[in-house]
Amino acid sequence: MPWTNFPPNATVVTERNMTMKNVKRTLSLVLVGALSLMMSVSAFAADASVDTAPSEYEQLKADVQLVQSVELSNVQEFAAENKDWLENLDARIEEYLSGYPESEHDSILTDLRGDGNARSAYDYFDSYTYGLRNGYYTYSMVPKMTTRLLRSYAEAGWEELSNIYYYIENDTGSLYWQYMCHFDLFVEADWDIERGVPEVSSYAEMLTRLCNPQYNDGYID
């Protein structure tokens with residue numbers, strides 16, 4: 001006769017008990033596998049988003065080349081409508097350049113614009129020349145669009161001019177103020193800066209004189 005009197009609280013292992021345990025174990029394994037798969041997919045997606053996002057250099061290059069594509073006839077309108085964006089772009093360029101030796105800045109600026117790495121004033125001006133006017137040297141240049149709209153390019157262009165022209169290299173402030181006045185005011189398509197013009201007391205006065213201290217009719221009180 002089979003033994004049927006089990007001690008109190010004893011665990012009776014039956015075929016049904018074993019089946020339920022196996023089912024629970026299987027479900028646990030399936031759940032763990034599903035969670036692992038979801039985490040792997042999420043990690044892959046995160047990595048993919050990092051890989052596909054443009055680097056700061058690539059974004060700077062796209063933005064600088066957008067500026068270079070602006071038509072001369074639209075430069076003032078573009079500058080007015082995008083003033084904050086242009087200032088932010090200048091700040092981003094300066095921050096990027098700060099991570100490299102100064103000797104590499106010119107090649108980085110020209111590469112961002114997509115013009116190659118040859119260093120010369122032609123990196124910043126379509127043309128430049130000089131001549132005598134009333135016995136004093138006058139320097140004339142046609143800036144590239146990035147030089148017209150981005151201060152970092154205008155400053156780099158000035159440095160290249162100072163490597164070429166003695167009086168620009170030894171300027172005491174007047175020529176530089178005339179030069180940056182053209183950048184800030186978009187007064188002319190061609191930028192002319194002249195030695196021998198009347199001295200002004202500050203850059204603010206240079207702006208009120210519309211970049212030319214001899215141009216009294218344009219003086220803004």
# chains A, B, ... in the order shown; residues from 1 in each chain; ligands from 1
>>> residues_around(residues="Val200 (chain A)", least_positions_apart="2", cutoff="10 Å", atoms="only C-alpha atoms", output="ChimeraX atom specification")
/A:173-174,177,197-198,202-206,209,212-213
>>> write_last_selection(atoms="all heavy atoms", output="mmCIF file, in the first residue's frame")
data_model
loop_
_atom_site.group_PDB
_atom_site.id
_atom_site.type_symbol
_atom_site.label_atom_id
_atom_site.label_comp_id
_atom_site.auth_asym_id
_atom_site.auth_seq_id
_atom_site.Cartn_x
_atom_site.Cartn_y
_atom_site.Cartn_z
ATOM 1 N N GLY A 173 47.216 103.156 -35.092
ATOM 2 C CA GLY A 173 45.800 103.056 -34.760
ATOM 3 C C GLY A 173 44.860 103.564 -35.825
ATOM 4 O O GLY A 173 43.775 103.017 -36.030
ATOM 5 N N SER A 174 45.254 104.605 -36.552
ATOM 6 C CA SER A 174 44.352 105.234 -37.507
ATOM 7 C C SER A 174 43.956 104.293 -38.652
ATOM 8 O O SER A 174 42.781 104.173 -38.997
ATOM 9 C CB SER A 174 44.979 106.500 -38.084
ATOM 10 O OG SER A 174 44.134 107.072 -39.067
ATOM 11 N N TRP A 177 41.712 101.525 -37.352
ATOM 12 C CA TRP A 177 40.357 102.011 -37.084
ATOM 13 C C TRP A 177 39.581 102.196 -38.383
ATOM 14 O O TRP A 177 38.382 101.872 -38.447
ATOM 15 C CB TRP A 177 40.430 103.343 -36.329
ATOM 16 C CG TRP A 177 40.771 103.186 -34.871
ATOM 17 C CD1 TRP A 177 40.909 102.028 -34.180
ATOM 18 C CD2 TRP A 177 41.038 104.250 -33.942
ATOM 19 N NE1 TRP A 177 41.241 102.282 -32.874
ATOM 20 C CE2 TRP A 177 41.324 103.632 -32.693
ATOM 21 C CE3 TRP A 177 41.055 105.634 -34.034
ATOM 22 C CZ2 TRP A 177 41.623 104.382 -31.548
ATOM 23 C CZ3 TRP A 177 41.358 106.376 -32.892
ATOM 24 C CH2 TRP A 177 41.641 105.759 -31.669
ATOM 25 N N VAL A 197 45.231 111.097 -43.174
ATOM 26 C CA VAL A 197 43.925 111.694 -42.894
ATOM 27 C C VAL A 197 43.960 112.302 -41.498
ATOM 28 O O VAL A 197 44.794 111.926 -40.654
ATOM 29 C CB VAL A 197 42.792 110.642 -42.989
ATOM 30 C CG1 VAL A 197 42.723 110.060 -44.384
ATOM 31 C CG2 VAL A 197 42.976 109.545 -41.943
ATOM 32 N N PRO A 198 43.071 113.258 -41.204
ATOM 33 C CA PRO A 198 43.077 113.876 -39.871
ATOM 34 C C PRO A 198 42.919 112.839 -38.762
ATOM 35 O O PRO A 198 42.189 111.865 -38.902
ATOM 36 C CB PRO A 198 41.862 114.812 -39.927
ATOM 37 C CG PRO A 198 41.686 115.114 -41.378
ATOM 38 C CD PRO A 198 42.068 113.859 -42.095
ATOM 39 N N SER A 202 39.090 108.730 -31.089
ATOM 40 C CA SER A 202 38.622 107.408 -30.659
ATOM 41 C C SER A 202 38.035 106.662 -31.842
ATOM 42 O O SER A 202 37.722 107.258 -32.895
ATOM 43 C CB SER A 202 37.554 107.543 -29.565
ATOM 44 O OG SER A 202 36.382 108.147 -30.100
ATOM 45 N N TYR A 203 37.868 105.364 -31.647
ATOM 46 C CA TYR A 203 37.225 104.556 -32.690
ATOM 47 C C TYR A 203 35.772 104.982 -32.875
ATOM 48 O O TYR A 203 35.253 104.967 -33.997
ATOM 49 C CB TYR A 203 37.299 103.078 -32.322
ATOM 50 C CG TYR A 203 36.689 102.171 -33.373
ATOM 51 C CD1 TYR A 203 37.215 102.124 -34.660
ATOM 52 C CD2 TYR A 203 35.585 101.369 -33.076
ATOM 53 C CE1 TYR A 203 36.658 101.306 -35.631
ATOM 54 C CE2 TYR A 203 35.028 100.544 -34.040
ATOM 55 C CZ TYR A 203 35.563 100.513 -35.315
ATOM 56 O OH TYR A 203 35.001 99.702 -36.276
ATOM 57 N N ALA A 204 35.112 105.386 -31.797
ATOM 58 C CA ALA A 204 33.721 105.842 -31.892
ATOM 59 C C ALA A 204 33.616 107.041 -32.836
ATOM 60 O O ALA A 204 32.675 107.145 -33.635
ATOM 61 C CB ALA A 204 33.187 106.198 -30.506
ATOM 62 N N GLU A 205 34.593 107.955 -32.766
ATOM 63 C CA GLU A 205 34.578 109.097 -33.667
ATOM 64 C C GLU A 205 34.824 108.655 -35.104
ATOM 65 O O GLU A 205 34.227 109.207 -36.041
ATOM 66 C CB GLU A 205 35.626 110.131 -33.252
ATOM 67 C CG GLU A 205 35.570 111.393 -34.113
ATOM 68 C CD GLU A 205 36.577 112.448 -33.715
ATOM 69 O OE1 GLU A 205 37.208 112.298 -32.646
ATOM 70 O OE2 GLU A 205 36.742 113.419 -34.476
ATOM 71 N N MET A 206 35.688 107.648 -35.291
ATOM 72 C CA MET A 206 35.917 107.118 -36.637
ATOM 73 C C MET A 206 34.602 106.599 -37.231
ATOM 74 O O MET A 206 34.320 106.798 -38.418
ATOM 75 C CB MET A 206 36.955 106.005 -36.597
ATOM 76 C CG MET A 206 37.304 105.420 -37.970
ATOM 77 S SD MET A 206 38.165 106.593 -39.057
ATOM 78 C CE MET A 206 39.795 106.621 -38.283
ATOM 79 N N ARG A 209 32.443 109.388 -38.383
ATOM 80 C CA ARG A 209 32.971 109.984 -39.613
ATOM 81 C C ARG A 209 32.808 109.035 -40.804
ATOM 82 O O ARG A 209 33.343 109.309 -41.879
ATOM 83 C CB ARG A 209 34.458 110.309 -39.431
ATOM 84 C CG ARG A 209 34.751 111.352 -38.367
ATOM 85 C CD ARG A 209 34.493 112.760 -38.869
ATOM 86 N NE ARG A 209 34.940 113.756 -37.908
ATOM 87 C CZ ARG A 209 34.988 115.058 -38.153
ATOM 88 N NH1 ARG A 209 34.614 115.528 -39.327
ATOM 89 N NH2 ARG A 209 35.389 115.904 -37.231
ATOM 90 N N ASN A 212 36.015 107.782 -42.724
ATOM 91 C CA ASN A 212 36.888 108.723 -43.426
ATOM 92 C C ASN A 212 36.808 110.082 -42.740
ATOM 93 O O ASN A 212 35.866 110.840 -42.958
ATOM 94 C CB ASN A 212 36.464 108.840 -44.889
ATOM 95 C CG ASN A 212 37.447 109.681 -45.704
ATOM 96 O OD1 ASN A 212 38.288 110.390 -45.152
ATOM 97 N ND2 ASN A 212 37.344 109.597 -47.020
ATOM 98 N N PRO A 213 37.794 110.414 -41.905
ATOM 99 C CA PRO A 213 37.744 111.687 -41.171
ATOM 100 C C PRO A 213 37.679 112.921 -42.053
ATOM 101 O O PRO A 213 37.337 113.998 -41.586
ATOM 102 C CB PRO A 213 39.048 111.662 -40.358
ATOM 103 C CG PRO A 213 39.357 110.216 -40.197
ATOM 104 C CD PRO A 213 38.922 109.579 -41.499
#
>>> residues_around(residues="Leu97 (chain A)", least_positions_apart="4", cutoff="12 Å", atoms="only C-alpha atoms", output="list of chain:residue names")
A:Glu56, A:Tyr57, A:Leu60, A:Asp90, A:Ala91, A:Arg92, A:Ile93, A:Pro101, A:Glu102, A:Ser103, A:Glu104, A:His105, A:Asp106, A:Ser107, A:Ile108, A:Leu109, A:Leu112, A:Ser152, A:Tyr153, A:Ala156
>>> closest_residue(among="A:Leu149, A:Ile193, A:Leu89, A:Met180", to="Glu77 (chain A)", atoms="only C-alpha atoms")
A:Leu149
>>> select_by_dssp(residues="region 26-201 of chain A", states="strand (DSSP E)", output="list in words")
Phe125, Asp126, Ser127, Tyr128, Thr129, Tyr130, Gly131, Leu132, Arg133, Tyr136, Tyr137, Thr138, Tyr139, Ser140, Met141, Val142, Pro143, Trp191, Asp192, Ile193 and Glu194 of chain A
>>> atom_distance(atom1="CA of Leu150 (chain A)", atom2="CA of Leu86 (chain A)")
6.7 Å
